[in-house]
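Next up, target01.csv (CSV, C-alpha atoms and all ligand atoms):
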```csv
chain,number,residue,atom,x,y,z
O,216,MET,CA,88.2,142.2,-7.1
O,217,GLY,CA,87.2,140.9,-3.8
O,218,CYS,CA,83.6,141.8,-4.6
O,219,ARG,CA,81.7,138.6,-5.5
O,220,THR,CA,79.3,139.0,-8.3
O,221,ARG,CA,75.7,138.4,-7.2
O,222,SER,CA,72.6,137.6,-9.2
O,223,PHE,CA,70.8,140.8,-9.9
O,224,LEU,CA,67.9,139.3,-11.7
O,225,SER,CA,64.6,138.6,-10.0
O,226,THR,CA,62.9,135.2,-10.4
O,227,LYS,CA,60.4,136.9,-12.7
O,228,GLN,CA,63.1,138.4,-14.9
O,229,GLU,CA,64.9,135.0,-15.0
O,230,ILE,CA,61.6,133.3,-16.2
O,231,ALA,CA,61.0,136.0,-18.9
O,232,LEU,CA,64.6,135.6,-20.2
O,233,GLY,CA,64.4,131.8,-20.1
O,234,LYS,CA,61.1,131.8,-22.0
O,235,GLU,CA,62.6,133.9,-24.8
O,236,GLY,CA,65.7,131.6,-24.8
O,237,ALA,CA,63.4,128.6,-25.1
O,238,ARG,CA,61.5,130.2,-28.0
O,239,GLN,CA,64.8,130.7,-29.8
O,240,ILE,CA,66.1,127.2,-29.2
O,241,GLU,CA,62.8,125.7,-30.4
O,242,ALA,CA,62.9,127.8,-33.5
O,243,GLU,CA,66.4,126.5,-34.3
O,244,TYR,CA,66.0,122.8,-33.3
O,245,ARG,CA,63.2,120.4,-33.7
O,246,VAL,CA,61.7,119.3,-30.3
O,247,ASP,CA,61.1,115.6,-30.0
O,248,THR,CA,57.9,115.3,-28.1
O,249,SER,CA,56.8,111.7,-28.6
O,250,SER,CA,59.7,109.2,-28.7
O,251,ALA,CA,60.8,106.9,-25.9
O,252,ASP,CA,63.7,109.2,-25.3
O,253,ALA,CA,61.5,112.2,-24.8
O,254,GLU,CA,59.3,110.2,-22.4
O,255,ARG,CA,62.4,109.0,-20.5
O,256,VAL,CA,63.8,112.6,-20.1
O,257,ARG,CA,60.4,113.9,-18.9
O,258,ARG,CA,59.9,111.0,-16.5
O,259,ILE,CA,63.4,111.4,-14.9
O,260,GLY,CA,62.9,115.2,-14.7
O,261,MET,CA,59.6,114.8,-13.0
O,262,LYS,CA,61.0,112.2,-10.5
O,263,LEU,CA,63.8,114.6,-9.6
O,264,LEU,CA,61.5,117.6,-9.2
O,265,PRO,CA,60.1,117.0,-5.7
O,266,HIS,CA,63.7,116.5,-4.4
O,267,VAL,CA,65.4,119.7,-5.7
O,268,ASP,CA,65.9,123.0,-3.8
O,269,GLN,CA,62.4,124.6,-3.9
O,270,ARG,CA,62.1,127.3,-6.5
O,271,ASP,CA,58.8,128.6,-7.9
O,272,VAL,CA,59.7,128.3,-11.6
O,273,PRO,CA,58.1,126.4,-14.5
O,274,TYR,CA,60.6,123.6,-15.2
O,275,SER,CA,60.3,121.7,-18.5
O,276,PHE,CA,62.3,118.8,-19.8
O,277,LYS,CA,62.6,118.3,-23.5
O,278,VAL,CA,64.7,116.5,-26.1
O,279,LEU,CA,66.2,118.3,-29.1
O,280,GLU,CA,66.8,116.6,-32.4
O,281,SER,CA,70.5,117.3,-32.8
O,282,ASN,CA,73.7,115.1,-32.8
O,283,GLU,CA,75.4,117.6,-30.6
O,284,VAL,CA,76.5,116.1,-27.3
O,285,ASN,CA,74.9,118.7,-25.2
O,286,ALA,CA,72.4,119.8,-22.6
O,287,VAL,CA,71.2,123.3,-21.9
O,288,ALA,CA,69.4,124.8,-18.9
O,289,LEU,CA,67.9,128.2,-19.2
O,290,PRO,CA,67.2,130.5,-16.3
O,291,GLY,CA,63.7,130.0,-14.8
O,292,GLY,CA,63.2,126.4,-15.8
O,293,PRO,CA,63.5,125.3,-19.5
O,294,LEU,CA,65.9,122.3,-19.8
O,295,TYR,CA,67.0,120.6,-22.9
O,296,VAL,CA,68.9,117.3,-23.6
O,297,PHE,CA,70.2,116.9,-27.1
O,298,ARG,CA,69.8,113.5,-28.9
O,299,GLY,CA,73.6,113.3,-29.3
O,300,LEU,CA,74.0,113.2,-25.5
O,301,LEU,CA,71.3,110.5,-25.1
O,302,ASP,CA,73.0,108.4,-27.8
O,303,MET,CA,76.3,108.7,-26.0
O,304,THR,CA,75.0,107.5,-22.6
O,305,ASP,CA,73.8,104.0,-21.9
O,306,SER,CA,70.1,103.8,-22.7
O,307,THR,CA,69.6,101.6,-19.6
O,308,ASP,CA,71.5,103.9,-17.3
O,309,ASP,CA,68.8,106.1,-15.8
O,310,ASP,CA,71.1,106.9,-12.9
O,311,ALA,CA,73.6,108.6,-15.2
O,312,LEU,CA,70.9,110.6,-17.0
O,313,ALA,CA,69.3,111.6,-13.7
O,314,CYS,CA,72.7,113.0,-12.6
O,315,ILE,CA,73.0,114.9,-15.9
O,316,ILE,CA,69.5,116.4,-15.6
O,317,GLY,CA,70.1,117.0,-11.9
O,318,HIS,CA,73.3,118.9,-12.8
O,319,GLU,CA,71.4,121.1,-15.3
O,320,MET,CA,68.7,121.7,-12.7
O,321,GLY,CA,71.6,122.7,-10.4
O,322,HIS,CA,72.5,125.5,-12.8
O,323,ILE,CA,68.9,126.7,-12.8
O,324,ASN,CA,68.6,126.5,-9.0
O,325,GLY,CA,72.0,128.0,-8.3
O,326,ARG,CA,71.0,130.9,-10.7
O,327,HIS,CA,74.4,130.5,-12.4
O,328,ALA,CA,73.4,132.0,-15.8
O,329,ALA,CA,72.5,135.3,-14.3
O,330,ARG,CA,76.0,135.4,-12.7
O,331,GLN,CA,77.8,134.6,-15.9
O,332,ILE,CA,76.0,137.1,-18.0
O,333,SER,CA,78.3,140.1,-18.5
O,334,SER,CA,77.6,143.2,-16.5
O,335,GLN,CA,76.9,145.0,-19.8
O,336,LEU,CA,74.3,142.5,-20.8
O,337,LEU,CA,72.9,142.5,-17.3
O,338,THR,CA,72.5,146.3,-17.4
O,339,GLY,CA,70.7,145.9,-20.8
O,340,ILE,CA,68.3,143.3,-19.2
O,341,LEU,CA,67.5,145.5,-16.3
O,342,ILE,CA,66.8,148.5,-18.5
O,343,TYR,CA,64.7,146.3,-20.7
O,344,MET,CA,62.7,144.9,-17.8
O,345,GLY,CA,62.2,148.3,-16.3
O,346,VAL,CA,61.2,150.2,-19.4
O,347,PRO,CA,57.6,149.8,-20.6
O,348,GLY,CA,57.5,149.6,-24.4
O,349,SER,CA,60.9,148.0,-24.8
O,350,THR,CA,61.0,145.9,-28.0
O,351,ASN,CA,60.9,142.2,-28.2
O,352,GLN,CA,64.0,142.4,-30.4
O,353,GLU,CA,65.9,143.7,-27.4
O,354,LEU,CA,64.9,140.8,-25.2
O,355,ALA,CA,65.7,138.4,-28.0
O,356,ARG,CA,69.2,139.8,-28.3
O,357,LEU,CA,69.7,139.4,-24.6
O,358,ALA,CA,68.4,135.8,-24.5
O,359,SER,CA,70.5,134.7,-27.5
O,360,GLY,CA,73.7,134.7,-25.4
O,361,LEU,CA,72.3,132.2,-23.0
O,362,ILE,CA,72.5,129.1,-25.2
O,363,THR,CA,76.3,129.1,-25.5
O,364,LEU,CA,77.0,130.5,-22.0
O,365,LYS,CA,80.1,129.0,-20.5
O,366,TYR,CA,80.0,128.4,-16.8
O,367,SER,CA,82.9,129.0,-14.3
O,368,ARG,CA,84.6,126.1,-12.6
O,369,GLU,CA,83.0,127.1,-9.4
O,370,ASP,CA,79.6,126.9,-10.9
O,371,GLU,CA,80.3,123.5,-12.4
O,372,LEU,CA,81.2,122.2,-9.0
O,373,ASP,CA,78.1,123.7,-7.5
O,374,ALA,CA,75.9,122.2,-10.2
O,375,ASP,CA,77.6,118.8,-9.6
O,376,ARG,CA,77.0,119.1,-5.9
O,377,ARG,CA,73.4,119.9,-6.3
O,378,GLY,CA,72.8,117.3,-9.1
O,379,LEU,CA,74.3,114.5,-7.0
O,380,SER,CA,72.1,115.5,-4.0
O,381,TYR,CA,69.0,115.6,-6.1
O,382,ALA,CA,69.7,112.3,-7.7
O,383,HIS,CA,70.5,110.7,-4.4
O,384,TYR,CA,67.2,111.9,-2.7
O,385,ALA,CA,65.2,110.9,-5.8
O,386,GLY,CA,66.5,107.3,-5.4
O,387,TYR,CA,69.1,107.3,-8.2
O,388,ASP,CA,72.7,106.1,-7.9
O,389,PRO,CA,75.0,109.2,-7.9
O,390,HIS,CA,77.8,107.1,-9.3
O,391,GLY,CA,76.0,107.6,-12.6
O,392,LEU,CA,77.7,110.9,-12.9
O,393,ILE,CA,81.1,109.3,-12.6
O,394,ARG,CA,80.2,106.8,-15.3
O,395,PHE,CA,79.2,109.7,-17.5
O,396,PHE,CA,82.4,111.6,-16.8
O,397,SER,CA,84.5,108.6,-17.7
O,398,LYS,CA,82.6,108.3,-21.0
O,399,LEU,CA,83.2,112.0,-21.7
O,400,GLU,CA,86.9,111.6,-20.9
O,401,ARG,CA,87.2,108.7,-23.4
O,402,MET,CA,85.4,110.7,-26.0
O,403,GLU,CA,87.5,113.8,-25.4
O,404,ARG,CA,90.7,111.7,-26.0
O,405,ARG,CA,89.2,110.2,-29.1
O,406,VAL,CA,87.7,113.2,-30.9
O,407,GLY,CA,88.8,116.2,-28.8
O,408,GLY,CA,86.8,118.4,-26.5
O,409,GLU,CA,85.9,121.0,-29.1
O,410,LYS,CA,83.6,118.6,-30.9
O,411,ASN,CA,81.6,118.1,-27.7
O,412,GLU,CA,79.4,121.1,-26.8
O,413,TRP,CA,78.7,119.9,-23.3
O,414,LEU,CA,82.4,119.8,-22.6
O,415,ARG,CA,82.9,123.2,-24.1
O,416,THR,CA,80.2,124.8,-21.9
O,417,HIS,CA,80.6,122.6,-18.8
O,418,PRO,CA,84.4,122.1,-18.6
O,419,LEU,CA,85.6,118.8,-17.2
O,420,ASN,CA,88.9,118.2,-15.4
O,421,THR,CA,90.5,115.6,-13.1
O,422,SER,CA,89.9,117.7,-10.0
O,423,ARG,CA,86.2,117.9,-10.8
O,424,ILE,CA,85.9,114.2,-11.1
O,425,GLU,CA,87.8,113.7,-7.9
O,426,ARG,CA,85.6,116.2,-6.1
O,427,ALA,CA,82.4,114.4,-7.3
O,428,THR,CA,83.8,111.1,-6.2
O,429,THR,CA,84.6,112.4,-2.8
O,430,LEU,CA,81.2,113.9,-2.4
O,431,ILE,CA,79.7,110.5,-3.1
O,432,GLU,CA,82.1,108.7,-0.8
O,433,ASN,CA,81.3,111.1,2.1
O,434,GLN,CA,77.6,111.0,1.2
O,435,ASN,CA,77.8,114.8,1.2
O,436,TYR,CA,74.2,115.5,0.0
O,437,ARG,CA,73.4,118.9,1.4
O,438,TYR,CA,71.0,120.2,-1.3
O,439,GLY,CA,67.4,119.2,-2.0
O,440,GLN,CA,65.5,116.7,0.1
O,501,ZN,ZN,77.3,122.4,-16.1
```

Now, as a test, write the supplied structure out as structure tokens.
Amino acid sequence: MGCRTRSFLSTKQEIALGKEGARQIEAEYRVDTSSADAERVRRIGMKLLPHVDQRDVPYSFKVLESNEVNAVALPGGPLYVFRGLLDMTDSTDDDALACIIGHEMGHINGRHAARQISSQLLTGILIYMGVPGSTNQELARLASGLITLKYSREDELDADRRGLSYAHYAGYDPHGLIRFFSKLERMERRVGGEKNEWLRTHPLNTSRIERATTLIENQNYRYGQ
């Protein structure tokens, strides 16, 4: 208590962990590499990239063939948008999608995953990284927890703050995030939050929407460039 958890992972360790997480995701889901959706996600990600907090990590932007309403950002750069989330958002609303991708980049740049990983898991990672000859199975076990990682409210707000800034500086309308939140709210009322993976791992509440609205009203864009 009173001792704030810090990220103990180096950038190099984050990248190694994210690479293994990406391998696991791509073994489980089919990656869509050629559709208009895949092109759209890549184009928006690349347009945001010069405007985010500078981190020397290999970002990638991919679409997964799955009806889950979800998006996942792994430490060190890999970012995935699920087909179900694309189907839910307006296909002409690049602003909303830019805010969602910006939010996920915010988790990567804020190094939120490393902070959410339990201290036990973290100790395992540090031992793995420091011991020559550690097995790949061990890294695989450590990475498998990343995909369903649930972020804290604080980290969600931080990712919103970063994502809105990135979207703004890249020339997108930050109100896109509010439009997306409204859709999520309607969907939550209709089918319940448990059916929606993005809502489960990125909890939404009224104060979060109000905070995002206030950030936009005050043009409080302090991240990125
Ligand atoms: Zn989030």

**Study point:** Shell of 12 Å around segment 306-308 of chain O, all atoms listed in the file, local chain residues under 3 positions omitted, as number ranges by chain
**Key:** O: 251-252, 255-256, 259, 298, 300-303, 311-315, 387-395

Report as a PDB file with C-alpha atoms, in the frame of the given file which protein, DNA and RNA residues come within 8 Å of ligand ZN 501 (chain O), using only C-alpha atoms and all ligand atoms.
```
ATOM      1  CA  HIS O 318      73.300 118.900 -12.800  1.00  0.00           C
ATOM      2  CA  GLU O 319      71.400 121.100 -15.300  1.00  0.00           C
ATOM      3  CA  HIS O 322      72.500 125.500 -12.800  1.00  0.00           C
ATOM      4  CA  TYR O 366      80.000 128.400 -16.800  1.00  0.00           C
ATOM      5  CA  ASP O 370      79.600 126.900 -10.900  1.00  0.00           C
ATOM      6  CA  GLU O 371      80.300 123.500 -12.400  1.00  0.00           C
ATOM      7  CA  ALA O 374      75.900 122.200 -10.200  1.00  0.00           C
ATOM      8  CA  ASP O 375      77.600 118.800  -9.600  1.00  0.00           C
ATOM      9  CA  TRP O 413      78.700 119.900 -23.300  1.00  0.00           C
ATOM     10  CA  THR O 416      80.200 124.800 -21.900  1.00  0.00           C
ATOM     11  CA  HIS O 417      80.600 122.600 -18.800  1.00  0.00           C
ATOM     12  CA  PRO O 418      84.400 122.100 -18.600  1.00  0.00           C
TER      13      PRO O 418
END
```

Atom CA of Asp305 of chain O to atom CA of Asn282 of chain O, straight-line distance in Å
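These atoms are spaced 15.6 Å apart.
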
- Message: Would you pick out the contacts of Glu229 of chain O at 9 Å or less, using only C-alpha atoms, so that residues sharing its chain but fewer than 6 positions from it are not included, and give the list as a PyMOL selection string?
- Response: chain O and resi 289-292+326+329

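Reported to one decimal place, the separation of atom CA of Ser275 of chain O from atom CA of Arg257 of chain O is 7.8 Å.
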
The residue from O:Arg270, O:Arg258, O:Arg245, O:Arg356 with the smallest atom-to-atom distance to Leu232 of chain O, counting all atoms listed in the file, is O:Arg356

Can you work out which one of O:Ala382, O:Val284, O:Ala328, O:Val272 has the shortest atom-to-atom distance to Gly360 of chain O, counting all atoms listed in the file?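 Ranked by minimum distance to Gly360 of chain O, first place goes to O:Ala328.
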
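Between atom CA of Thr421 of chain O and atom CA of Arg368 of chain O lies a distance of 12.1 Å.
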
task = Choose the residue, out of O:Glu412, O:Glu432, O:Glu254, O:Glu280, that has the smallest atom-to-atom separation from Ala242 of chain O; count all atoms listed in the file.
result =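 That would be O:Glu280, the residue with the smallest distance to Ala242 of chain O.
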
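Here the question is which of O:Leu379, O:Leu279, O:Leu224, O:Ile332 gets nearest to Leu361 of chain O using all atoms listed in the file, and that residue is O:Ile332.
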
Which residue gives the smallest distance to Met320 of chain O among O:Arg423, O:Lys365, O:Lys277, O:Arg377, with only C-alpha atoms counted?
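Looking only at the distances to Met320 of chain O, the closest residue turns out to be O:Arg377.
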
Practice prompt. May I have the protein, DNA and RNA residues with any atom at most 12 Å from the point (56.9, 132.6, -5.7), counting all atoms listed in the file, written as a list in words?
Written response: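 Output of the proximity query reads Ser225, Thr226, Lys227, Ile230, Gln269, Arg270, Asp271, Val272, Pro273 and Gly291 of chain O.
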